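Below: target26.cif (mmCIF, C-alpha atoms (C1' of nucleotides))
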```cif
data_protein
loop_
_atom_site.label_atom_id
_atom_site.label_comp_id
_atom_site.auth_asym_id
_atom_site.auth_seq_id
_atom_site.Cartn_x
_atom_site.Cartn_y
_atom_site.Cartn_z
CA MET A 1 -88.26 100.00 206.93
CA ASP A 2 -85.58 97.33 207.00
CA GLN A 3 -82.51 98.89 208.53
CA LYS A 4 -80.34 95.81 208.70
CA LYS A 5 -76.74 96.73 208.25
CA ILE A 6 -75.56 93.22 208.98
CA CYS A 7 -72.91 91.76 206.70
CA PRO A 8 -74.60 89.53 204.13
CA ARG A 9 -71.86 86.89 204.44
CA PHE A 10 -72.44 86.67 208.16
CA GLU A 11 -76.18 86.53 207.64
CA LYS A 12 -75.80 83.70 205.16
CA ALA A 13 -73.51 81.83 207.54
CA LEU A 14 -76.16 82.06 210.25
CA LYS A 15 -78.81 80.94 207.82
CA ILE A 16 -76.84 77.79 207.05
CA LEU A 17 -75.73 77.05 210.60
CA ASN A 18 -79.11 77.74 212.16
CA HIS A 19 -80.94 75.47 209.79
CA SER A 20 -82.04 72.58 211.97
CA TRP A 21 -79.57 69.70 212.39
CA ASN A 22 -76.84 71.35 210.29
CA THR A 23 -74.55 72.27 213.16
CA LEU A 24 -74.92 68.87 214.79
CA LEU A 25 -74.33 67.23 211.42
CA ILE A 26 -71.11 69.15 210.88
CA TYR A 27 -70.08 68.28 214.43
CA GLN A 28 -70.68 64.63 213.66
CA LEU A 29 -68.63 64.79 210.47
CA LEU A 30 -65.72 66.41 212.30
CA GLU A 31 -65.01 62.87 213.53
CA GLY A 32 -64.19 61.87 209.98
CA PRO A 33 -65.83 60.55 206.79
CA GLN A 34 -68.99 58.59 207.45
CA ARG A 35 -71.67 56.86 205.49
CA TYR A 36 -75.31 57.79 205.35
CA SER A 37 -76.56 54.96 207.56
CA THR A 38 -73.94 55.61 210.23
CA ILE A 39 -74.81 59.28 210.47
CA LYS A 40 -78.48 58.45 210.64
CA LYS A 41 -78.03 55.98 213.49
CA GLN A 42 -75.67 58.19 215.45
CA MET A 43 -77.77 61.32 215.20
CA GLY A 44 -81.26 59.95 215.44
CA ILE A 45 -82.38 62.08 212.50
CA SER A 46 -84.99 61.03 209.96
CA SER A 47 -83.84 60.03 206.48
CA ARG A 48 -86.03 62.66 204.89
CA VAL A 49 -84.37 65.51 206.72
CA LEU A 50 -80.89 63.98 206.65
CA THR A 51 -80.97 63.73 202.86
CA GLU A 52 -82.26 67.28 202.63
CA ARG A 53 -79.53 68.69 204.87
CA LEU A 54 -76.70 66.73 203.25
CA LYS A 55 -77.77 68.08 199.86
CA GLU A 56 -77.87 71.61 201.23
CA LEU A 57 -74.41 71.31 202.77
CA GLU A 58 -73.08 69.76 199.57
CA ILE A 59 -74.39 72.70 197.56
CA GLU A 60 -72.76 75.06 200.04
CA ASN A 61 -69.51 73.14 199.55
CA ILE A 62 -69.29 72.25 203.23
CA VAL A 63 -69.77 68.53 202.69
CA LYS A 64 -68.46 66.24 199.96
CA ARG A 65 -70.38 63.17 198.79
CA THR A 66 -68.52 60.16 197.45
CA VAL A 67 -70.03 57.05 195.86
CA ILE A 68 -68.16 53.84 196.62
CA PRO A 69 -69.14 51.31 193.94
CA SER A 70 -69.40 48.24 196.16
CA THR A 71 -72.43 46.00 196.45
CA PRO A 72 -74.63 47.35 197.76
CA VAL A 73 -73.36 50.79 196.87
CA VAL A 74 -72.06 52.81 199.80
CA ILE A 75 -72.08 56.59 200.03
CA GLU A 76 -69.53 58.40 202.10
CA TYR A 77 -69.89 61.93 203.37
CA GLU A 78 -67.04 64.05 204.59
CA LEU A 79 -66.29 67.68 205.37
CA THR A 80 -64.57 69.84 202.80
CA GLU A 81 -61.90 72.34 203.77
CA LYS A 82 -64.65 74.91 204.18
CA GLY A 83 -66.45 72.46 206.44
CA HIS A 84 -63.41 71.73 208.55
CA ALA A 85 -62.92 75.46 208.97
CA LEU A 86 -66.05 75.45 211.10
CA ALA A 87 -64.30 73.50 213.86
CA PRO A 88 -63.48 76.67 215.88
CA VAL A 89 -67.17 77.61 215.89
CA LEU A 90 -68.13 74.22 217.28
CA LYS A 91 -65.31 74.38 219.81
CA ALA A 92 -66.54 77.77 220.99
CA ILE A 93 -70.05 76.41 221.46
CA GLU A 94 -68.67 73.40 223.31
CA LYS A 95 -66.69 75.63 225.63
CA TRP A 96 -69.65 77.90 226.29
CA SER A 97 -71.97 74.99 226.97
CA SER A 98 -69.56 73.38 229.41
CA MET A 99 -69.25 76.63 231.33
CA TRP A 100 -72.79 77.97 231.25
CA VAL A 101 -75.37 75.40 230.29
CA ASN A 102 -76.89 73.32 233.02
CA ILE A 103 -79.40 70.60 232.49
CA GLU A 104 -81.82 70.03 235.30
CA GLU A 105 -85.13 68.43 234.46
CA MET B 1 -81.24 52.40 218.56
CA ASP B 2 -80.22 55.87 219.65
CA GLN B 3 -76.47 55.79 220.07
CA LYS B 4 -75.91 59.44 220.69
CA LYS B 5 -73.00 59.91 222.99
CA ILE B 6 -73.11 63.67 222.56
CA CYS B 7 -72.81 65.75 225.70
CA PRO B 8 -76.28 66.89 226.78
CA ARG B 9 -75.01 70.37 227.63
CA PHE B 10 -73.64 70.77 224.13
CA GLU B 11 -76.84 69.43 222.67
CA LYS B 12 -78.88 71.90 224.67
CA ALA B 13 -76.62 74.75 223.61
CA LEU B 14 -77.19 73.83 219.97
CA LYS B 15 -80.92 73.58 220.56
CA ILE B 16 -80.99 77.13 221.89
CA LEU B 17 -78.61 78.63 219.36
CA ASN B 18 -80.17 76.90 216.38
CA HIS B 19 -83.64 78.06 217.21
CA SER B 20 -84.47 80.52 214.49
CA TRP B 21 -83.44 84.16 215.08
CA ASN B 22 -81.78 83.43 218.43
CA THR B 23 -78.19 83.76 217.25
CA LEU B 24 -78.95 86.92 215.31
CA LEU B 25 -80.82 88.29 218.31
CA ILE B 26 -77.87 87.68 220.61
CA TYR B 27 -75.59 89.26 218.01
CA GLN B 28 -77.84 92.30 217.96
CA LEU B 29 -77.82 92.58 221.76
CA LEU B 30 -74.03 92.38 221.84
CA GLU B 31 -74.19 96.04 220.78
CA GLY B 32 -75.76 96.90 224.13
CA PRO B 33 -79.14 97.14 225.85
CA GLN B 34 -81.98 97.83 223.48
CA ARG B 35 -85.71 98.20 223.60
CA TYR B 36 -88.25 95.96 221.97
CA SER B 37 -89.16 98.31 219.15
CA THR B 38 -85.54 98.99 218.25
CA ILE B 39 -84.71 95.32 218.01
CA LYS B 40 -87.78 94.72 215.91
CA LYS B 41 -86.91 97.47 213.44
CA GLN B 42 -83.24 96.54 213.20
CA MET B 43 -83.79 92.84 212.68
CA GLY B 44 -86.91 92.80 210.55
CA ILE B 45 -88.45 90.13 212.74
CA SER B 46 -92.17 89.85 213.47
CA SER B 47 -93.43 90.80 216.92
CA ARG B 48 -94.93 87.38 217.45
CA VAL B 49 -91.63 85.58 217.02
CA LEU B 50 -89.55 88.29 218.69
CA THR B 51 -91.63 88.08 221.86
CA GLU B 52 -91.39 84.29 221.78
CA ARG B 53 -87.60 84.28 221.40
CA LEU B 54 -87.00 86.96 224.03
CA LYS B 55 -89.03 84.95 226.50
CA GLU B 56 -87.08 81.81 225.68
CA LEU B 57 -83.74 83.57 226.09
CA GLU B 58 -84.93 85.13 229.33
CA ILE B 59 -85.85 81.71 230.69
CA GLU B 60 -82.41 80.43 229.68
CA ASN B 61 -80.89 83.37 231.52
CA ILE B 62 -79.19 84.66 228.40
CA VAL B 63 -81.25 87.86 228.22
CA LYS B 64 -82.49 90.16 230.96
CA ARG B 65 -85.72 92.13 230.66
CA THR B 66 -86.10 95.47 232.43
CA VAL B 67 -89.24 97.58 232.69
CA ILE B 68 -88.61 101.29 232.65
CA PRO B 69 -91.66 103.01 234.16
CA SER B 70 -91.86 105.99 231.83
CA THR B 71 -94.91 107.01 229.82
CA PRO B 72 -95.47 105.07 227.73
CA VAL B 73 -93.65 102.26 229.47
CA VAL B 74 -90.42 101.16 227.84
CA ILE B 75 -88.91 97.70 228.03
CA GLU B 76 -85.19 97.20 227.75
CA TYR B 77 -83.49 93.96 226.86
CA GLU B 78 -79.85 93.20 227.49
CA LEU B 79 -77.50 90.24 227.61
CA THR B 80 -76.66 88.62 230.92
CA GLU B 81 -73.15 87.44 231.72
CA LYS B 82 -74.10 84.08 230.23
CA GLY B 83 -75.29 85.89 227.13
CA HIS B 84 -72.12 87.96 226.81
CA ALA B 85 -70.11 84.75 227.10
CA LEU B 86 -71.45 83.82 223.68
CA ALA B 87 -69.44 86.58 222.01
CA PRO B 88 -66.59 84.21 221.04
CA VAL B 89 -69.06 81.94 219.25
CA LEU B 90 -70.37 84.83 217.23
CA LYS B 91 -66.85 86.03 216.51
CA ALA B 92 -65.92 82.57 215.25
CA ILE B 93 -68.90 82.54 212.91
CA GLU B 94 -68.03 86.03 211.72
CA LYS B 95 -64.48 84.99 210.98
CA TRP B 96 -65.55 81.84 209.15
CA SER B 97 -68.10 83.73 207.08
CA SER B 98 -65.60 86.37 206.04
CA MET B 99 -63.16 83.71 204.91
CA TRP B 100 -65.43 81.14 203.34
CA VAL B 101 -68.89 82.42 202.54
CA ASN B 102 -69.44 84.05 199.20
CA ILE B 103 -72.68 85.52 198.05
CA GLU B 104 -73.29 85.39 194.36
CA GLU B 105 -76.86 85.27 193.15
"C1'" DT C 1 -88.06 32.45 197.31
"C1'" DT C 2 -88.09 35.33 201.03
"C1'" DT C 3 -85.09 38.32 203.65
"C1'" DT C 4 -81.38 41.77 204.33
"C1'" DG C 5 -78.58 45.97 203.43
"C1'" DT C 6 -77.94 50.56 201.38
"C1'" DG C 7 -79.42 55.09 200.23
"C1'" DC C 8 -82.74 57.33 199.48
"C1'" DT C 9 -88.18 59.12 198.18
"C1'" DT C 10 -93.14 59.80 199.07
"C1'" DA C 11 -97.35 60.71 201.63
"C1'" DC C 12 -99.29 62.64 205.45
"C1'" DA C 13 -99.81 64.68 210.24
"C1'" DT C 14 -97.85 67.92 213.44
"C1'" DT C 15 -95.29 71.96 214.62
"C1'" DT C 16 -93.35 76.27 213.75
"C1'" DC C 17 -93.32 80.63 211.30
"C1'" DG C 18 -94.78 84.90 208.90
"C1'" DT C 19 -98.43 88.40 208.16
"C1'" DA C 20 -101.56 91.42 209.57
"C1'" DA C 21 -104.91 93.08 212.52
"C1'" DC C 22 -106.11 93.99 217.34
"C1'" DT C 23 -105.26 95.30 222.53
"C1'" DT C 24 -104.29 98.25 226.75
"C1'" DA C 25 -103.27 102.52 228.68
"C1'" DG C 26 -101.70 106.97 228.92
"C1'" DT C 27 -100.72 111.37 225.66
"C1'" DT C 28 -100.73 114.50 222.27
"C1'" DT C 29 -103.33 116.57 218.34
"C1'" DA C 30 -107.44 118.35 215.78
"C1'" DT D 1 -114.36 115.82 223.13
"C1'" DA D 2 -112.79 112.64 220.10
"C1'" DA D 3 -109.50 110.85 217.03
"C1'" DA D 4 -104.70 109.50 216.56
"C1'" DC D 5 -100.34 107.98 218.36
"C1'" DT D 6 -96.84 105.21 221.00
"C1'" DA D 7 -94.97 101.07 223.28
"C1'" DA D 8 -95.00 96.31 223.91
"C1'" DG D 9 -97.03 92.92 223.09
"C1'" DT D 10 -101.45 89.11 221.56
"C1'" DT D 11 -104.42 86.72 218.57
"C1'" DA D 12 -106.04 84.43 214.42
"C1'" DC D 13 -104.91 82.19 210.45
"C1'" DG D 14 -102.52 80.46 206.27
"C1'" DA D 15 -97.92 78.85 204.69
"C1'" DA D 16 -93.75 76.50 205.29
"C1'" DA D 17 -90.71 73.34 207.75
"C1'" DT D 18 -90.34 69.08 210.32
"C1'" DG D 19 -91.25 64.35 212.15
"C1'" DT D 20 -93.19 59.65 211.27
"C1'" DA D 21 -93.76 55.79 208.79
"C1'" DA D 22 -93.93 53.29 204.83
"C1'" DG D 23 -92.20 52.27 200.15
"C1'" DC D 24 -88.60 51.62 196.35
"C1'" DA D 25 -84.57 49.70 193.42
"C1'" DC D 26 -80.97 46.68 193.33
"C1'" DA D 27 -78.00 42.86 194.57
"C1'" DA D 28 -76.53 39.23 197.63
"C1'" DA D 29 -77.32 35.99 201.24
"C1'" DA D 30 -80.28 32.46 203.65
#
```

Whole structure given in structure tokens:
Amino acid sequence: MDQKKICPRFEKALKILNHSWNTLLIYQLLEGPQRYSTIKKQMGISSRVLTERLKELEIENIVKRTVIPSTPVVIEYELTEKGHALAPVLKAIEKWSSMWVNIEE
Amino acid sequence: MDQKKICPRFEKALKILNHSWNTLLIYQLLEGPQRYSTIKKQMGISSRVLTERLKELEIENIVKRTVIPSTPVVIEYELTEKGHALAPVLKAIEKWSSMWVNIEE
DNA sequence: TTTTGTGCTTACATTTCGTAACTTAGTTTA
DNA sequence: TAAACTAAGTTACGAAATGTAAGCACAAAA
């Protein structure tokens, strides 16, 4: 009964990007490498979910995790080439939102 | 403690687009006006969630709902101008997925 | 010796989601 | 005449995802 003829690559891309916080996280990392605590403060995301999402994006090779052996140890997260390649998507969303989204409360 | 300097329009755009099924639903409607049952079959989404998402997108003025008074009554959904303006976003995701997403299981 | 910083993990409550059955109203079939 | 079908949803309920808050290991600073 499933007649989905949608490209599986595209479907997987949507699955990753639509997972909560992921797009905003990638947007945040477009500014450059950042450590865990910085991301957390900037985004207002909980540590539980942040850890979960960073792991997911690392597995998908969108984010790279680097341990800096200082004291206390610092972890830096940055976008991979695959991650940086998402910039046009974010730009397109930015453009659309500036043209069409209005926020009245 | 919240230091988010992210544009509220952009944030709202992400909130809408990241809500599960919404992006895929808009992608589906880019093909043209479609009725409820067609969308449901094509996407493999449950009626409960489909109804919920269509209502949300209607409120956001991304989707337009039209009642066709035939017997039995048929409902047609189509993208508004605001909805169609999302095409570049979808295209960007499509392009990224074709270049970077691989699906090995 | 208590406190602070860093990057998480754990427990638990709330929210969202998927599944399947049911609804309303007119229409064709047995 | 009654059962079955179609379209577009609703409703009830269990499962999964998410938010909240507290805890943990380790070292250095107060």

Sorted by chain and rising residue number, list the residues of chain A at most 10 Å from chain D (counting all atoms listed in the file), each with its closest atom pair and distance in Å to one decimal, as a tab-separated table.
```
residue	atom	partner	partner_atom	distance
A:Ser20	CA	D:DT18	C1'	9.2
A:Ile45	CA	D:DG19	C1'	9.2
A:Ser46	CA	D:DG19	C1'	7.4
A:Arg48	CA	D:DG19	C1'	9.1
A:Val49	CA	D:DT18	C1'	7.8
A:Thr71	CA	D:DA27	C1'	6.7
A:Pro72	CA	D:DA27	C1'	6.5
A:Val73	CA	D:DC26	C1'	9.3
```

Tell me which protein, DNA and RNA residues are within 12 Å of B:Asn61, counting all atoms listed in the file, leaving out same-chain ones fewer than 5 positions away, and put them as number ranges by chain.
A: 100-102; B: 16, 54-56, 77-85

If we count only C-alpha atoms, which residues of chain A reach to within 8 Å of chain B? Please list them as a ChimeraX atom specification.
/A:1-4,8-10,12-14,17-20,23-24,41-44,82,85-86,88-89,92-94,96-98,100-103

Contact set, chain C to chain B: 8 Å, all atoms listed in the file, as a list in words
DC17, DG18 and DG26 of chain C

May I ask for the distance between atom CA of B:Leu25 and atom CA of B:Ile68, given in Å to one decimal place?
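That distance, rounded to one decimal, is 20.9 Å.
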
If I take atom CA of B:Arg53 and atom CA of B:Ile75, how far is one from the other in Å, to one decimal?
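Calculated distance between atom CA of B:Arg53 and atom CA of B:Ile75 is 15.0 Å.
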
Do you have the atom CA of B:Leu50-atom CA of B:Thr38 distance handy?
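Answer for the atom CA of B:Leu50 to atom CA of B:Thr38 separation: 11.4 Å.
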
Would you compute an axis-aligned box for stretch 2-20 of chain A, covering every atom listed for it in the file with 6 Å of margin on each side, and report centre and edge lengths in Å to one decimal as JSON?
```
{"center_x": -78.7, "center_y": 85.7, "center_z": 208.1, "size_x": 25.7, "size_y": 38.3, "size_z": 20.0}
```

In terms of all atoms listed in the file, the residue from C:DA13, C:DG7, C:DT2, C:DA20 at minimal distance from B:Ser47 is C:DA20

Reconstructed N, CA and C atoms for stretch 35-67 of chain A, given as a PDB file, in the frame of the given file:
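New file result36.pdb:
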```
ATOM      1  N   ARG A  35     -70.623  57.159 206.440  1.00  0.00           N
ATOM      2  CA  ARG A  35     -71.670  56.860 205.490  1.00  0.00           C
ATOM      3  C   ARG A  35     -73.036  57.257 206.021  1.00  0.00           C
ATOM      4  N   TYR A  36     -73.923  57.371 205.080  1.00  0.00           N
ATOM      5  CA  TYR A  36     -75.310  57.790 205.350  1.00  0.00           C
ATOM      6  C   TYR A  36     -75.915  57.067 206.550  1.00  0.00           C
ATOM      7  N   SER A  37     -75.891  55.738 206.506  1.00  0.00           N
ATOM      8  CA  SER A  37     -76.560  54.960 207.560  1.00  0.00           C
ATOM      9  C   SER A  37     -75.933  55.178 208.939  1.00  0.00           C
ATOM     10  N   THR A  38     -74.624  55.358 208.965  1.00  0.00           N
ATOM     11  CA  THR A  38     -73.940  55.610 210.230  1.00  0.00           C
ATOM     12  C   THR A  38     -74.394  56.932 210.832  1.00  0.00           C
ATOM     13  N   ILE A  39     -74.384  57.958 210.011  1.00  0.00           N
ATOM     14  CA  ILE A  39     -74.810  59.280 210.470  1.00  0.00           C
ATOM     15  C   ILE A  39     -76.231  59.218 211.006  1.00  0.00           C
ATOM     16  N   LYS A  40     -77.072  58.557 210.257  1.00  0.00           N
ATOM     17  CA  LYS A  40     -78.480  58.450 210.640  1.00  0.00           C
ATOM     18  C   LYS A  40     -78.634  57.794 212.019  1.00  0.00           C
ATOM     19  N   LYS A  41     -77.935  56.679 212.208  1.00  0.00           N
ATOM     20  CA  LYS A  41     -78.030  55.980 213.490  1.00  0.00           C
ATOM     21  C   LYS A  41     -77.468  56.816 214.624  1.00  0.00           C
ATOM     22  N   GLN A  42     -76.325  57.413 214.400  1.00  0.00           N
ATOM     23  CA  GLN A  42     -75.670  58.190 215.450  1.00  0.00           C
ATOM     24  C   GLN A  42     -76.498  59.397 215.876  1.00  0.00           C
ATOM     25  N   MET A  43     -77.102  60.064 214.903  1.00  0.00           N
ATOM     26  CA  MET A  43     -77.770  61.320 215.200  1.00  0.00           C
ATOM     27  C   MET A  43     -79.236  61.189 215.558  1.00  0.00           C
ATOM     28  N   GLY A  44     -79.841  60.089 215.172  1.00  0.00           N
ATOM     29  CA  GLY A  44     -81.260  59.950 215.440  1.00  0.00           C
ATOM     30  C   GLY A  44     -82.105  60.926 214.627  1.00  0.00           C
ATOM     31  N   ILE A  45     -81.671  61.169 213.412  1.00  0.00           N
ATOM     32  CA  ILE A  45     -82.380  62.080 212.500  1.00  0.00           C
ATOM     33  C   ILE A  45     -83.142  61.240 211.485  1.00  0.00           C
ATOM     34  N   SER A  46     -84.220  61.773 210.958  1.00  0.00           N
ATOM     35  CA  SER A  46     -84.990  61.030 209.960  1.00  0.00           C
ATOM     36  C   SER A  46     -84.292  61.085 208.609  1.00  0.00           C
ATOM     37  N   SER A  47     -84.512  60.066 207.785  1.00  0.00           N
ATOM     38  CA  SER A  47     -83.840  60.030 206.480  1.00  0.00           C
ATOM     39  C   SER A  47     -84.276  61.197 205.605  1.00  0.00           C
ATOM     40  N   ARG A  48     -85.547  61.560 205.723  1.00  0.00           N
ATOM     41  CA  ARG A  48     -86.030  62.660 204.890  1.00  0.00           C
ATOM     42  C   ARG A  48     -85.220  63.926 205.117  1.00  0.00           C
ATOM     43  N   VAL A  49     -85.083  64.280 206.396  1.00  0.00           N
ATOM     44  CA  VAL A  49     -84.370  65.510 206.720  1.00  0.00           C
ATOM     45  C   VAL A  49     -82.867  65.355 206.510  1.00  0.00           C
ATOM     46  N   LEU A  50     -82.333  64.186 206.830  1.00  0.00           N
ATOM     47  CA  LEU A  50     -80.890  63.980 206.650  1.00  0.00           C
ATOM     48  C   LEU A  50     -80.482  64.183 205.191  1.00  0.00           C
ATOM     49  N   THR A  51     -81.247  63.577 204.293  1.00  0.00           N
ATOM     50  CA  THR A  51     -80.970  63.730 202.860  1.00  0.00           C
ATOM     51  C   THR A  51     -81.014  65.196 202.451  1.00  0.00           C
ATOM     52  N   GLU A  52     -82.047  65.867 202.943  1.00  0.00           N
ATOM     53  CA  GLU A  52     -82.260  67.280 202.630  1.00  0.00           C
ATOM     54  C   GLU A  52     -81.059  68.119 203.074  1.00  0.00           C
ATOM     55  N   ARG A  53     -80.617  67.901 204.310  1.00  0.00           N
ATOM     56  CA  ARG A  53     -79.530  68.690 204.870  1.00  0.00           C
ATOM     57  C   ARG A  53     -78.190  68.390 204.208  1.00  0.00           C
ATOM     58  N   LEU A  54     -77.952  67.105 203.903  1.00  0.00           N
ATOM     59  CA  LEU A  54     -76.700  66.730 203.250  1.00  0.00           C
ATOM     60  C   LEU A  54     -76.608  67.393 201.878  1.00  0.00           C
ATOM     61  N   LYS A  55     -77.741  67.421 201.183  1.00  0.00           N
ATOM     62  CA  LYS A  55     -77.770  68.080 199.860  1.00  0.00           C
ATOM     63  C   LYS A  55     -77.458  69.553 200.001  1.00  0.00           C
ATOM     64  N   GLU A  56     -78.086  70.183 200.994  1.00  0.00           N
ATOM     65  CA  GLU A  56     -77.870  71.610 201.230  1.00  0.00           C
ATOM     66  C   GLU A  56     -76.395  71.889 201.514  1.00  0.00           C
ATOM     67  N   LEU A  57     -75.809  71.097 202.393  1.00  0.00           N
ATOM     68  CA  LEU A  57     -74.410  71.310 202.770  1.00  0.00           C
ATOM     69  C   LEU A  57     -73.469  70.979 201.611  1.00  0.00           C
ATOM     70  N   GLU A  58     -73.888  70.084 200.751  1.00  0.00           N
ATOM     71  CA  GLU A  58     -73.080  69.760 199.570  1.00  0.00           C
ATOM     72  C   GLU A  58     -73.093  70.954 198.610  1.00  0.00           C
ATOM     73  N   ILE A  59     -74.261  71.525 198.425  1.00  0.00           N
ATOM     74  CA  ILE A  59     -74.390  72.700 197.560  1.00  0.00           C
ATOM     75  C   ILE A  59     -73.564  73.857 198.103  1.00  0.00           C
ATOM     76  N   GLU A  60     -73.526  73.980 199.410  1.00  0.00           N
ATOM     77  CA  GLU A  60     -72.760  75.060 200.040  1.00  0.00           C
ATOM     78  C   GLU A  60     -71.271  74.730 200.110  1.00  0.00           C
ATOM     79  N   ASN A  61     -70.918  73.571 199.585  1.00  0.00           N
ATOM     80  CA  ASN A  61     -69.510  73.140 199.550  1.00  0.00           C
ATOM     81  C   ASN A  61     -68.906  72.947 200.955  1.00  0.00           C
ATOM     82  N   ILE A  62     -69.747  72.530 201.866  1.00  0.00           N
ATOM     83  CA  ILE A  62     -69.290  72.250 203.230  1.00  0.00           C
ATOM     84  C   ILE A  62     -69.085  70.748 203.395  1.00  0.00           C
ATOM     85  N   VAL A  63     -69.849  69.990 202.638  1.00  0.00           N
ATOM     86  CA  VAL A  63     -69.770  68.530 202.690  1.00  0.00           C
ATOM     87  C   VAL A  63     -69.516  67.981 201.293  1.00  0.00           C
ATOM     88  N   LYS A  64     -68.723  66.896 201.242  1.00  0.00           N
ATOM     89  CA  LYS A  64     -68.460  66.240 199.960  1.00  0.00           C
ATOM     90  C   LYS A  64     -69.064  64.836 199.991  1.00  0.00           C
ATOM     91  N   ARG A  65     -69.708  64.465 198.901  1.00  0.00           N
ATOM     92  CA  ARG A  65     -70.380  63.170 198.790  1.00  0.00           C
ATOM     93  C   ARG A  65     -69.590  62.283 197.829  1.00  0.00           C
ATOM     94  N   THR A  66     -69.278  61.082 198.282  1.00  0.00           N
ATOM     95  CA  THR A  66     -68.520  60.160 197.450  1.00  0.00           C
ATOM     96  C   THR A  66     -69.246  58.819 197.333  1.00  0.00           C
ATOM     97  N   VAL A  67     -69.387  58.345 196.101  1.00  0.00           N
ATOM     98  CA  VAL A  67     -70.030  57.050 195.860  1.00  0.00           C
ATOM     99  C   VAL A  67     -68.962  55.976 195.799  1.00  0.00           C
TER     100      VAL A  67
END
```
